[in-house]
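*Asks:* Supplied structure: model_16.cif, mmCIF, C-alpha atoms.
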data_target
#
loop_
_atom_site.label_atom_id
_atom_site.label_comp_id
_atom_site.auth_asym_id
_atom_site.auth_seq_id
_atom_site.Cartn_x
_atom_site.Cartn_y
_atom_site.Cartn_z
CA MET A 1422 127.44 120.38 24.50
CA LYS A 1423 128.59 118.20 27.38
CA ILE A 1424 132.01 118.77 28.96
CA ASP A 1425 133.76 116.56 31.53
CA CYS A 1426 135.61 119.10 33.69
CA SER A 1427 137.51 116.58 35.83
CA GLY A 1428 140.96 118.02 36.47
CA MET A 1429 140.56 120.61 33.71
CA TYR A 1430 142.39 123.93 34.13
CA TYR A 1431 139.93 126.80 34.33
CA ARG A 1432 141.43 128.71 31.39
CA LYS A 1433 141.05 125.72 29.10
CA LEU A 1434 137.44 125.18 30.20
CA ASN A 1435 136.48 128.80 29.68
CA LYS A 1436 138.12 128.89 26.25
CA ILE A 1437 136.17 125.80 25.18
CA ILE A 1438 132.92 127.46 26.27
CA ARG A 1439 133.66 130.81 24.62
CA ASP A 1440 134.84 129.28 21.34
CA ALA A 1441 131.83 126.98 21.12
CA ALA A 1442 129.44 129.83 21.95
CA GLU A 1443 130.98 131.93 19.19
CA ALA A 1444 130.49 129.01 16.82
CA GLY A 1445 126.77 128.89 17.65
CA GLU A 1446 126.50 126.41 20.54
CA SER A 1447 123.68 127.50 22.85
CA GLU A 1448 123.62 124.98 25.71
CA PHE A 1449 126.41 123.58 27.88
CA ILE A 1450 126.38 120.87 30.57
CA LEU A 1451 129.51 120.92 32.72
CA ASP A 1452 130.06 117.74 34.73
CA HIS A 1453 132.50 117.21 37.64
CA VAL A 1454 133.16 120.92 38.13
CA ASN A 1455 135.48 121.38 41.10
CA GLY A 1456 136.52 124.97 41.76
CA GLN A 1457 137.12 126.17 38.19
CA ARG A 1458 136.94 129.97 38.24
CA TYR A 1459 135.33 132.55 35.95
CA ILE A 1460 132.78 130.22 34.34
CA GLY A 1461 130.46 132.29 32.15
CA SER A 1462 132.51 135.43 32.69
CA GLY A 1463 132.36 138.10 30.01
CA ILE A 1464 129.97 136.16 27.75
CA ASN A 1465 127.53 138.35 25.81
CA LYS A 1466 125.27 135.65 24.38
CA LYS A 1467 122.03 134.18 25.70
CA ILE A 1468 123.35 130.67 26.23
CA LYS A 1469 122.51 128.15 28.96
CA ILE A 1470 125.17 126.67 31.22
CA THR A 1471 124.34 123.89 33.70
CA ILE A 1472 127.05 123.27 36.29
CA ASN A 1473 127.15 119.91 38.05
CA GLY A 1474 129.63 120.49 40.86
CA VAL A 1475 130.96 123.49 42.75
CA PRO A 1476 132.24 126.37 40.59
CA GLY A 1477 135.10 128.54 41.79
CA ASN A 1478 135.26 132.26 42.47
CA ASP A 1479 133.90 134.96 40.17
CA LEU A 1480 131.26 132.85 38.46
CA ALA A 1481 129.55 135.03 35.82
CA MET A 1482 131.85 138.03 36.30
CA PHE A 1483 131.02 140.74 33.72
CA MET A 1484 128.38 138.39 32.29
CA ASN A 1485 125.85 139.86 29.88
CA GLY A 1486 123.08 137.43 29.00
CA PRO A 1487 123.58 133.73 29.85
CA LEU A 1488 121.45 131.59 32.16
CA ILE A 1489 123.61 129.64 34.61
CA THR A 1490 122.25 126.87 36.84
CA VAL A 1491 124.47 125.49 39.62
CA ASN A 1492 123.35 122.12 40.99
CA ALA A 1493 125.45 122.47 44.15
CA ASN A 1494 126.99 125.21 46.28
CA ALA A 1495 128.91 128.14 44.79
CA GLN A 1496 131.97 130.03 46.03
CA ASP A 1497 132.77 133.74 46.39
CA GLY A 1498 132.25 136.62 43.99
CA ILE A 1499 129.24 135.40 42.01
CA ALA A 1500 128.09 138.00 39.45
CA ASN A 1501 130.93 140.45 40.05
CA THR A 1502 129.88 143.48 37.97
CA MET A 1503 127.36 141.36 36.04
CA ASN A 1504 125.33 143.32 33.52
CA ALA A 1505 122.54 140.90 32.48
CA GLY A 1506 121.55 137.25 32.73
CA GLU A 1507 120.34 134.89 35.45
CA ILE A 1508 122.07 132.64 37.99
CA ILE A 1509 120.26 129.88 39.90
CA VAL A 1510 122.16 128.20 42.76
CA HIS A 1511 120.64 125.04 44.27
CA GLY A 1512 122.69 125.34 47.45
CA ASP A 1513 124.57 127.93 49.48
CA ALA A 1514 126.83 130.68 48.14
CA GLY A 1515 129.94 132.36 49.51
CA ASP A 1516 130.98 135.94 50.17
CA VAL A 1517 130.68 139.15 48.13
CA ILE A 1518 127.73 137.98 46.01
CA GLY A 1519 126.69 140.54 43.39
CA TYR A 1520 129.60 142.93 43.93
CA GLY A 1521 128.93 146.01 41.74
CA MET A 1522 126.15 144.07 40.00
CA ARG A 1523 124.45 146.26 37.38
CA GLY A 1524 121.65 144.01 36.11
CA GLY A 1525 120.28 140.49 35.93
CA LYS A 1526 119.04 138.14 38.65
CA ILE A 1527 120.55 135.77 41.20
CA TYR A 1528 118.42 133.17 42.96
CA ILE A 1529 120.11 131.21 45.77
CA LYS A 1530 118.25 128.43 47.55
CA GLY A 1531 120.29 128.52 50.75
CA ASN A 1532 122.50 130.85 52.75
CA VAL A 1533 124.88 133.56 51.60
CA GLY A 1534 128.12 134.80 53.14
CA TYR A 1535 129.56 138.21 53.98
CA ARG A 1536 128.92 141.43 52.04
CA THR A 1537 126.13 140.14 49.80
CA GLY A 1538 124.94 142.89 47.46
CA ILE A 1539 127.89 145.20 48.14
CA HIS A 1540 127.94 148.16 45.73
CA MET A 1541 124.93 146.90 43.74
CA LYS A 1542 123.64 149.63 41.44
CA GLU A 1543 120.90 150.31 38.91
CA TYR A 1544 120.34 152.53 35.89
CA LYS A 1545 116.87 153.44 34.59
CA LYS A 1546 115.08 150.13 33.86
CA GLN A 1547 118.14 148.03 34.55
CA VAL A 1548 117.60 146.81 38.13
CA PRO A 1549 119.62 143.88 39.54
CA VAL A 1550 117.92 141.37 41.84
CA ILE A 1551 119.29 138.97 44.46
CA VAL A 1552 116.96 136.58 46.32
CA ALA A 1553 118.40 134.24 48.97
CA GLY A 1554 116.26 131.61 50.67
CA GLY A 1555 118.43 131.38 53.76
CA VAL A 1556 120.33 133.82 55.97
CA ALA A 1557 123.19 136.26 55.37
CA CYS A 1558 126.37 137.10 57.26
CA ASP A 1559 127.70 140.54 58.29
CA PHE A 1560 127.74 143.63 56.05
CA CYS A 1561 124.86 142.53 53.83
CA ALA A 1562 123.87 145.34 51.40
CA GLU A 1563 127.00 147.31 52.28
CA TYR A 1564 127.31 150.50 50.20
CA MET A 1565 124.35 149.33 48.12
CA ALA A 1566 123.47 151.99 45.54
CA GLY A 1567 120.54 150.34 43.75
CA GLY A 1568 118.73 147.12 43.00
CA ILE A 1569 116.61 144.70 45.02
CA LEU A 1570 117.88 142.29 47.68
CA VAL A 1571 115.54 139.79 49.36
CA LEU A 1572 116.35 137.58 52.37
CA LEU A 1573 113.84 134.88 53.28
CA GLY A 1574 115.31 132.83 56.13
CA LEU A 1575 113.02 129.97 55.14
CA GLU A 1576 114.82 127.22 57.02
CA LYS A 1577 116.58 129.10 59.80
CA GLU A 1578 116.38 127.54 63.22
CA GLY A 1579 114.75 129.09 66.28
CA ASP A 1580 115.92 132.60 67.14
CA MET A 1581 118.78 132.54 64.67
CA PRO A 1582 119.04 136.05 63.14
CA ILE A 1583 118.38 136.37 59.43
CA THR A 1584 121.40 138.65 58.97
CA GLY A 1585 124.67 139.40 60.67
CA ASP A 1586 125.74 142.82 61.96
CA TYR A 1587 126.15 146.08 60.03
CA LEU A 1588 123.25 145.40 57.67
CA GLY A 1589 122.97 148.21 55.12
CA THR A 1590 126.11 150.04 56.27
CA GLY A 1591 126.78 152.87 53.80
CA MET A 1592 123.65 152.00 51.81
CA HIS A 1593 122.52 154.92 49.63
CA GLY A 1594 120.15 153.37 47.08
CA GLY A 1595 118.00 150.36 46.29
CA VAL A 1596 115.82 148.36 48.68
CA VAL A 1597 116.21 145.32 50.93
CA TYR A 1598 113.22 143.14 51.80
CA ILE A 1599 113.50 140.87 54.86
CA ARG A 1600 111.00 138.16 55.74
CA GLY A 1601 109.97 138.12 59.39
CA GLY A 1602 111.66 141.34 60.45
CA VAL A 1603 115.12 142.32 61.61
CA ASP A 1604 116.78 143.32 64.87
CA GLU A 1605 117.46 147.04 64.53
CA ASN A 1606 120.62 146.65 66.63
CA MET A 1607 122.13 144.89 63.61
CA LEU A 1608 121.52 147.78 61.23
CA GLY A 1609 123.99 150.28 59.91
CA LYS A 1610 123.05 153.85 60.79
CA GLU A 1611 122.44 154.68 57.12
CA VAL A 1612 119.16 152.71 56.82
CA SER A 1613 115.67 152.82 58.24
CA VAL A 1614 113.05 150.06 58.61
CA LEU A 1615 109.68 150.62 56.93
CA GLU A 1616 106.49 148.70 56.24
CA LEU A 1617 105.73 147.50 52.72
CA ASP A 1618 103.13 149.22 50.58
CA GLU A 1619 101.04 147.75 47.75
CA LYS A 1620 103.73 148.41 45.16
CA ASP A 1621 106.31 146.61 47.30
CA MET A 1622 104.06 143.58 47.73
CA LYS A 1623 103.44 143.31 43.99
CA LEU A 1624 107.16 143.52 43.24
CA LEU A 1625 108.06 141.07 45.99
CA LYS A 1626 105.47 138.53 44.90
CA LYS A 1627 106.82 138.60 41.36
CA HIS A 1628 110.36 137.74 42.42
CA LEU A 1629 109.27 135.21 45.03
CA ALA A 1630 107.13 133.41 42.45
CA GLU A 1631 110.24 132.95 40.30
CA PHE A 1632 112.30 131.87 43.31
CA CYS A 1633 109.70 129.28 44.35
CA GLU A 1634 109.40 127.97 40.81
CA HIS A 1635 113.16 127.41 40.62
CA PHE A 1636 113.46 125.58 43.95
CA GLY A 1637 110.08 123.96 44.55
CA PHE A 1638 109.02 126.11 47.51
CA ASP A 1639 105.41 127.06 48.13
CA LEU A 1640 104.71 130.73 47.32
CA GLU A 1641 102.03 131.09 50.00
CA GLU A 1642 104.40 129.71 52.63
CA ALA A 1643 107.17 132.05 51.47
CA MET A 1644 104.81 135.00 51.90
CA SER A 1645 103.16 133.74 55.09
CA LYS A 1646 105.29 135.95 57.35
CA PRO A 1647 105.28 139.75 57.18
CA PHE A 1648 108.18 141.47 55.47
CA VAL A 1649 109.96 144.70 56.32
CA LYS A 1650 111.91 146.86 53.91
CA LEU A 1651 115.12 148.75 54.44
CA LEU A 1652 115.71 152.03 52.66
CA PRO A 1653 118.66 154.42 52.94
CA VAL A 1654 118.21 157.51 55.04
CA SER A 1655 120.29 159.58 52.60
CA SER A 1656 121.53 159.29 49.02
CA ARG A 1657 124.87 160.75 50.22
CA PRO A 1658 125.54 159.17 53.64
CA TYR A 1659 129.14 160.39 53.74
CA GLY A 1660 128.67 163.65 51.90
CA ASN A 1661 129.74 165.72 54.91
CA LEU A 1662 133.18 164.11 54.76
CA TYR A 1663 133.85 165.71 51.39
CA ALA A 1664 131.96 169.02 51.68
CA TYR A 1665 133.88 172.23 52.28
#
Written as structure tokens, how would this file's structure read?
*Replies:*
Amino acid sequence: MKIDCSGMYYRKLNKIIRDAAEAGESEFILDHVNGQRYIGSGINKKIKITINGVPGNDLAMFMNGPLITVNANAQDGIANTMNAGEIIVHGDAGDVIGYGMRGGKIYIKGNVGYRTGIHMKEYKKQVPVIVAGGVACDFCAEYMAGGILVLLGLEKEGDMPITGDYLGTGMHGGVVYIRGGVDENMLGKEVSVLELDEKDMKLLKKHLAEFCEHFGFDLEEAMSKPFVKLLPVSSRPYGNLYAY
């Protein structure tokens, strides 16, 4: 189903998608998207949505199954509390990516903004994944409670840092993999830097293979630099604030 979104109010667009999905439509192509919010939000079916243009905030919020491809940049709040599905962004993405994300995958070709991966969590076999090919701003992985976050910095220039300050602040679960290392002065005090083991490399290669397939990068090149991993020092970093 092809939809011309030029000048269309976001509520109307989302109603068209939901009604058609309920009626059995499985694939949507959205042309001329320009800031419409909540696309794909709350949908529990395994449909495909291709977005030609820049979607607005909270793309795929509460989503549970669809595959969304964005052939441009994306704004803030992608995958807010997403439960399942996959998002592929062929550009940069804004702030607060994966807030409270509980499952599914996000692959972003370029850079991400502030607080990427904040409050990500996992439960048993449900492990959310975010892979960004560029760099991240401050407070990446803030209060992260679970899941996998990968930063590649594939096209960063010179000595440009791969993250901003306060990386992993309040982190108490999950793992962050960073290609090429990280300046420990940028870390929150709740995380430590470790070398990868064989299990890490196997897991990382799996997700990087998918990332490279989506965006046409070379897997060997993506893995040509050493990675470090960040893990939380404690599962209750602020426990002493509440203990009596």
*Asks:* Report as an NGL selection string all protein, DNA and RNA residues lying within 10 Å of Lys1423 of chain A, evaluated on all atoms listed in the file, omitting residues in the same chain fewer than 4 positions from it.
*Replies:* :A and (1448-1452 or 1470-1471)
*Asks:* Using all atoms listed in the file, which of A:Tyr1528, A:Tyr1598, A:Tyr1431, A:Phe1648 sits nearest Leu1488 of chain A?
*Replies:*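 Ranking A:Tyr1528, A:Tyr1598, A:Tyr1431, A:Phe1648 by distance to Leu1488 of chain A, first place goes to A:Tyr1528.
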*Asks:* Find the distance between atom CA of Lys1467 of chain A and atom CA of Met1565 of chain A and write it in Å to one decimal.
*Replies:*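 The value is 27.2 Å.
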*Asks:* Report as a list in words the full result of the PyMOL selection byres ((chain A and resi 1570) around 8) when it is applied to this structure.
*Replies:*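 With the PyMOL selection byres ((chain A and resi 1570) around 8) on this model, the match is Gly1538, Val1550, Ile1551, Val1552, Ala1562, Gly1568, Ile1569, Val1571, Leu1572, Val1596, Val1597 and Tyr1598 of chain A.
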*Asks:* Which residue, A:Ala1481, A:Ile1583, A:Val1556, A:Met1644, has the smallest gap to Lys1623 of chain A when you use only C-alpha atoms?
*Replies:*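 With only C-alpha atoms as the atom set, the closest residue is A:Met1644.
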*Asks:* Written as a PyMOL selection string, which residues does the PyMOL selection byres ((chain A and resi 1588) around 10) give for the file shown?
*Replies:* chain A and resi 1536-1537+1557-1564+1584-1587+1589-1592+1597+1603-1612+1651
*Asks:* Calculated over all atoms listed in the file, which of the candidates A:Ile1599, A:Met1429, A:Met1422, A:Leu1624 has the smallest distance to Ser1447 of chain A?
*Replies:*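 Going through A:Ile1599, A:Met1429, A:Met1422, A:Leu1624 one by one, the smallest distance to Ser1447 of chain A is for A:Met1422.
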*Asks:* Residues within 8 Å of Ile1518 of chain A, please, as a list in words. Count all atoms listed in the file; anything in the same chain fewer than 5 positions from it doesn't count.
*Replies:*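 Residues meeting the cut-off are Asp1497, Gly1498, Ile1499, Ala1500, Asn1501, Val1533, Gly1534, Arg1536, Thr1537, Gly1538 and Ile1539 of chain A.
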*Asks:* Print the selection's residues with C-alpha atoms to a file, as a PDB file, keeping the file's coordinate frame.
*Replies:*
ATOM      1  CA  ASP A1497     132.770 133.740  46.390  1.00  0.00           C
ATOM      2  CA  GLY A1498     132.250 136.620  43.990  1.00  0.00           C
ATOM      3  CA  ILE A1499     129.240 135.400  42.010  1.00  0.00           C
ATOM      4  CA  ALA A1500     128.090 138.000  39.450  1.00  0.00           C
ATOM      5  CA  ASN A1501     130.930 140.450  40.050  1.00  0.00           C
ATOM      6  CA  VAL A1533     124.880 133.560  51.600  1.00  0.00           C
ATOM      7  CA  GLY A1534     128.120 134.800  53.140  1.00  0.00           C
ATOM      8  CA  ARG A1536     128.920 141.430  52.040  1.00  0.00           C
ATOM      9  CA  THR A1537     126.130 140.140  49.800  1.00  0.00           C
ATOM     10  CA  GLY A1538     124.940 142.890  47.460  1.00  0.00           C
ATOM     11  CA  ILE A1539     127.890 145.200  48.140  1.00  0.00           C
TER      12      ILE A1539
END
*Asks:* Can you find the residues with an atom no farther than 8 Å from (134.0, 123.9, 27.6), counting only C-alpha atoms, and report them as a ChimeraX atom specification?
*Replies:* /A:1423-1424,1426,1433-1439,1441,1449,1451
*Asks:* Between atom CA of Asn1478 of chain A and atom CA of Tyr1544 of chain A, what is the distance, to one decimal in Å?
*Replies:*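 Those two atoms sit 26.0 Å apart.
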*Asks:* Please provide the set of residues having any atom within 9 Å of Asp1621 of chain A, restricted to all atoms listed in the file, with same-chain residues fewer than 4 positions apart removed, written as a PyMOL selection string.
*Replies:* chain A and resi 1598+1617+1625-1626+1650
*Asks:* Under the PyMOL selection byres ((chain A and resi 1495) around 8), which residues of this model are included? Write them out as an mmCIF file with C-alpha atoms, in the frame of the given file.
*Replies:*
data_model
loop_
_atom_site.group_PDB
_atom_site.id
_atom_site.type_symbol
_atom_site.label_atom_id
_atom_site.label_comp_id
_atom_site.auth_asym_id
_atom_site.auth_seq_id
_atom_site.Cartn_x
_atom_site.Cartn_y
_atom_site.Cartn_z
ATOM 1 C CA VAL A 1475 130.960 123.490 42.750
ATOM 2 C CA PRO A 1476 132.240 126.370 40.590
ATOM 3 C CA GLY A 1477 135.100 128.540 41.790
ATOM 4 C CA ASN A 1478 135.260 132.260 42.470
ATOM 5 C CA VAL A 1491 124.470 125.490 39.620
ATOM 6 C CA ALA A 1493 125.450 122.470 44.150
ATOM 7 C CA ASN A 1494 126.990 125.210 46.280
ATOM 8 C CA GLN A 1496 131.970 130.030 46.030
ATOM 9 C CA ASP A 1497 132.770 133.740 46.390
ATOM 10 C CA ILE A 1499 129.240 135.400 42.010
ATOM 11 C CA VAL A 1510 122.160 128.200 42.760
ATOM 12 C CA GLY A 1512 122.690 125.340 47.450
ATOM 13 C CA ASP A 1513 124.570 127.930 49.480
ATOM 14 C CA ALA A 1514 126.830 130.680 48.140
ATOM 15 C CA GLY A 1515 129.940 132.360 49.510
#
*Asks:* Rank nothing, just name the residue among A:Gly1601, A:Gly1521, A:Gly1461, A:Pro1487 nearest to Met1541 of chain A, using all atoms listed in the file.
*Replies:*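 That would be A:Gly1521, the residue with the smallest distance to Met1541 of chain A.
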*Asks:* Please check which residues have atoms at most 8 Å from (136.6, 119.2, 41.5) in the file's coordinates, counting all atoms listed in the file, and write them as a PyMOL selection string.
*Replies:* chain A and resi 1426-1428+1453-1457+1474-1475
*Asks:* One decimal, in Å: what's the spacing between atom CA of Gly1567 of chain A and atom CA of Ile1468 of chain A?
*Replies:*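 Computing the Euclidean distance for atom CA of Gly1567 of chain A and atom CA of Ile1468 of chain A yields 26.5 Å.
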*Asks:* Kindly indicate which residue among A:Gly1555, A:Tyr1535, A:Lys1542, A:Arg1600 lies nearest to Glu1578 of chain A, using only C-alpha atoms for the distances.
*Replies:*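 Smallest separation from Glu1578 of chain A among the options: A:Gly1555.
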*Asks:* Give the centre and edge lengths of an axis-aligned box, in Å to one decimal, that holds all listed atoms of segment 1610-1628 of chain A with 5 Å on each side, as JSON.
*Replies:*
{"center_x": 112.0, "center_y": 146.2, "center_z": 51.1, "size_x": 32.0, "size_y": 26.9, "size_z": 29.4}
*Asks:* Using only C-alpha atoms, determine which residues lie at most 12 Å from Phe1636 of chain A, disregarding the query and same-chain residues fewer than 6 positions distant; provide the list as a list in words.
*Replies:*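 Selected residues are Thr1490, Val1491, Asn1492, Ile1509, Val1510, His1511, Gly1512, Tyr1528, Ile1529, Lys1530, Gly1531, Val1552, Ala1553, Gly1554, Leu1629, Ala1630 and Ala1643 of chain A.
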